[in-house]
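Notes follow once the structure below has been shown.
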Amino acid sequence: MANKYLESTVLSIEVQKSIDNEGNPVFTKKKIGNLQPNVEVERIKAVSEGVAGVLKENTRFFYVTEVSQISE
């Protein structure tokens, strides 16, 4: 039977880095790694909004990426 083991959790915040030739914002992702596993989404959202508030640049979406290893 296969098992899934969580290896890492990363928070990404989209941050505006420039404006394209048509005047549209161009975004990149700033990443914060080593999040505690299984943290409530409200706590992640609060941290995301806190970090976004400190940044000078415009921010857009927040993402959580979880990487798991699958093994027998």
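We label chains A, B, ... in the order they appear in the structure tokens, count residues from 1 in each chain, and number ligands from 1 in the order shown.
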
- Leaving out segment 1-7 of chain A and any residue of its chain fewer than 4 positions from it, which residues lie within 9 Å of it when counting only C-alpha atoms, given as a PyMOL selection string? chain A and resi 37+66-72

- Item | From A:Val47, A:Ala52, A:Asn34, A:Phe62, residue lying nearest Ser12 of chain A [only C-alpha atoms] | A:Phe62

- List every residue of segment 12-64 of chain A that DSSP, applied to the backbone, labels as helix (DSSP H, G or I), and write the result as a list in words.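 Written out, the helix (DSSP H, G or I) residues of segment 12-64 of chain A are Val41, Glu42, Arg43, Ile44, Lys45, Ala46, Val47, Ser48, Glu49, Gly50, Val51, Ala52, Gly53 and Val54 of chain A.
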
- Task: Show which residues sit within 8 Å of Leu35 of chain A, as a list in words. Count only C-alpha atoms, and ignore same-chain residues fewer than 4 positions away.
- Result: Ser8, Thr9, Val10, Leu11 and Val39 of chain A

Keeping N, CA, C and O atoms, export the residues of the selection given above as a tab-separated table (two decimals), in the first residue's frame.
chain	number	residue	atom	x	y	z
A	8	SER	N	7.46	19.25	2.69
A	8	SER	CA	7.64	20.69	2.88
A	8	SER	C	6.37	21.44	2.51
A	8	SER	O	5.56	20.97	1.72
A	9	THR	N	6.22	22.61	3.12
A	9	THR	CA	5.09	23.50	2.84
A	9	THR	C	5.67	24.89	2.62
A	9	THR	O	6.46	25.38	3.43
A	10	VAL	N	5.26	25.52	1.52
A	10	VAL	CA	5.81	26.83	1.14
A	10	VAL	C	4.66	27.81	0.90
A	10	VAL	O	3.68	27.47	0.23
A	11	LEU	N	4.79	29.01	1.44
A	11	LEU	CA	3.85	30.10	1.18
A	11	LEU	C	4.44	30.96	0.08
A	11	LEU	O	5.61	31.36	0.14
A	39	VAL	N	-1.07	23.69	9.35
A	39	VAL	CA	-1.48	24.94	9.99
A	39	VAL	C	-2.85	25.34	9.44
A	39	VAL	O	-3.13	25.16	8.25

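Between atom CA of Tyr63 of chain A and atom CA of Asn21 of chain A lies a distance of 26.9 Å.
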
- Query: Got a sec to tell me which of chain A DSSP assigns to strand (DSSP E), as a ChimeraX atom specification?
  - Reply: /A:3-19,25-32,59-71

Those same residues, written as a compact mmCIF listing (two decimals), in the first residue's frame with N, CA and C atoms?
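File written: out.txt
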# COMPACT_ATOMS: atom_id res chain seq x y z
N ASN A 3 2.00 5.14 0.64
CA ASN A 3 1.85 6.14 1.69
C ASN A 3 2.34 7.48 1.19
N LYS A 4 1.76 8.55 1.73
CA LYS A 4 2.14 9.90 1.36
C LYS A 4 2.71 10.59 2.60
N TYR A 5 3.93 11.15 2.48
CA TYR A 5 4.60 11.84 3.57
C TYR A 5 4.87 13.29 3.18
N LEU A 6 4.30 14.21 3.94
CA LEU A 6 4.51 15.63 3.69
C LEU A 6 5.96 15.98 3.96
N GLU A 7 6.64 16.56 2.97
CA GLU A 7 8.05 16.93 3.12
C GLU A 7 8.24 18.41 3.37
N SER A 8 7.46 19.25 2.69
CA SER A 8 7.64 20.69 2.88
C SER A 8 6.37 21.44 2.51
N THR A 9 6.22 22.61 3.12
CA THR A 9 5.09 23.50 2.84
C THR A 9 5.67 24.89 2.62
N VAL A 10 5.26 25.52 1.52
CA VAL A 10 5.81 26.83 1.14
C VAL A 10 4.66 27.81 0.90
N LEU A 11 4.79 29.01 1.44
CA LEU A 11 3.85 30.10 1.18
C LEU A 11 4.44 30.96 0.08
N SER A 12 3.63 31.27 -0.95
CA SER A 12 4.06 32.17 -2.02
C SER A 12 3.10 33.35 -2.08
N ILE A 13 3.66 34.54 -2.26
CA ILE A 13 2.86 35.75 -2.40
C ILE A 13 3.21 36.37 -3.74
N GLU A 14 2.20 36.60 -4.57
CA GLU A 14 2.45 37.26 -5.85
C GLU A 14 2.68 38.75 -5.62
N VAL A 15 3.80 39.26 -6.13
CA VAL A 15 4.20 40.64 -5.94
C VAL A 15 4.45 41.26 -7.31
N GLN A 16 3.93 42.45 -7.51
CA GLN A 16 4.13 43.13 -8.80
C GLN A 16 5.59 43.53 -8.94
N LYS A 17 6.19 43.15 -10.09
CA LYS A 17 7.59 43.50 -10.31
C LYS A 17 7.77 44.56 -11.38
N SER A 18 6.78 44.70 -12.26
CA SER A 18 6.90 45.71 -13.32
C SER A 18 5.54 45.87 -14.01
N ILE A 19 5.57 46.64 -15.08
CA ILE A 19 4.40 46.83 -15.93
C ILE A 19 4.83 46.53 -17.36
N PRO A 25 0.09 45.00 -15.11
CA PRO A 25 1.10 44.62 -14.12
C PRO A 25 1.65 43.22 -14.40
N VAL A 26 2.93 43.05 -14.13
CA VAL A 26 3.60 41.75 -14.25
C VAL A 26 3.98 41.33 -12.83
N PHE A 27 3.62 40.10 -12.47
CA PHE A 27 3.83 39.61 -11.11
C PHE A 27 4.88 38.51 -11.06
N THR A 28 5.55 38.41 -9.92
CA THR A 28 6.46 37.32 -9.61
C THR A 28 6.06 36.80 -8.23
N LYS A 29 6.61 35.67 -7.83
CA LYS A 29 6.25 35.10 -6.54
C LYS A 29 7.42 35.21 -5.56
N LYS A 30 7.12 35.73 -4.37
CA LYS A 30 8.06 35.72 -3.25
C LYS A 30 7.68 34.52 -2.40
N LYS A 31 8.66 33.70 -2.04
CA LYS A 31 8.37 32.46 -1.33
C LYS A 31 8.91 32.48 0.09
N ILE A 32 8.12 31.94 1.00
CA ILE A 32 8.51 31.76 2.39
C ILE A 32 8.38 30.27 2.67
N THR A 59 0.55 43.54 -4.12
CA THR A 59 0.46 42.08 -4.05
C THR A 59 -0.89 41.64 -4.60
N ARG A 60 -0.96 40.36 -4.97
CA ARG A 60 -2.19 39.85 -5.57
C ARG A 60 -2.66 38.60 -4.84
N PHE A 61 -2.25 37.43 -5.24
CA PHE A 61 -2.74 36.18 -4.68
C PHE A 61 -1.73 35.55 -3.73
N PHE A 62 -2.24 34.72 -2.82
CA PHE A 62 -1.42 33.93 -1.91
C PHE A 62 -1.59 32.46 -2.29
N TYR A 63 -0.51 31.69 -2.20
CA TYR A 63 -0.53 30.26 -2.54
C TYR A 63 0.18 29.47 -1.44
N VAL A 64 -0.30 28.26 -1.21
CA VAL A 64 0.40 27.32 -0.34
C VAL A 64 0.70 26.09 -1.18
N THR A 65 1.98 25.73 -1.25
CA THR A 65 2.41 24.55 -1.99
C THR A 65 2.91 23.51 -0.99
N GLU A 66 2.32 22.34 -1.07
CA GLU A 66 2.74 21.23 -0.21
C GLU A 66 3.38 20.16 -1.08
N VAL A 67 4.58 19.76 -0.71
CA VAL A 67 5.29 18.72 -1.44
C VAL A 67 5.31 17.46 -0.58
N SER A 68 4.83 16.37 -1.15
CA SER A 68 4.79 15.10 -0.44
C SER A 68 5.53 14.04 -1.22
N GLN A 69 6.11 13.11 -0.47
CA GLN A 69 6.77 11.96 -1.09
C GLN A 69 5.80 10.78 -0.98
N ILE A 70 5.70 10.04 -2.08
CA ILE A 70 4.86 8.84 -2.11
C ILE A 70 5.79 7.64 -2.14
N SER A 71 5.55 6.72 -1.22
CA SER A 71 6.40 5.54 -1.17
C SER A 71 5.57 4.33 -0.74

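The gap separating atom CA of Ala46 of chain A from atom CA of Asn24 of chain A is 27.6 Å, in Å to one decimal.
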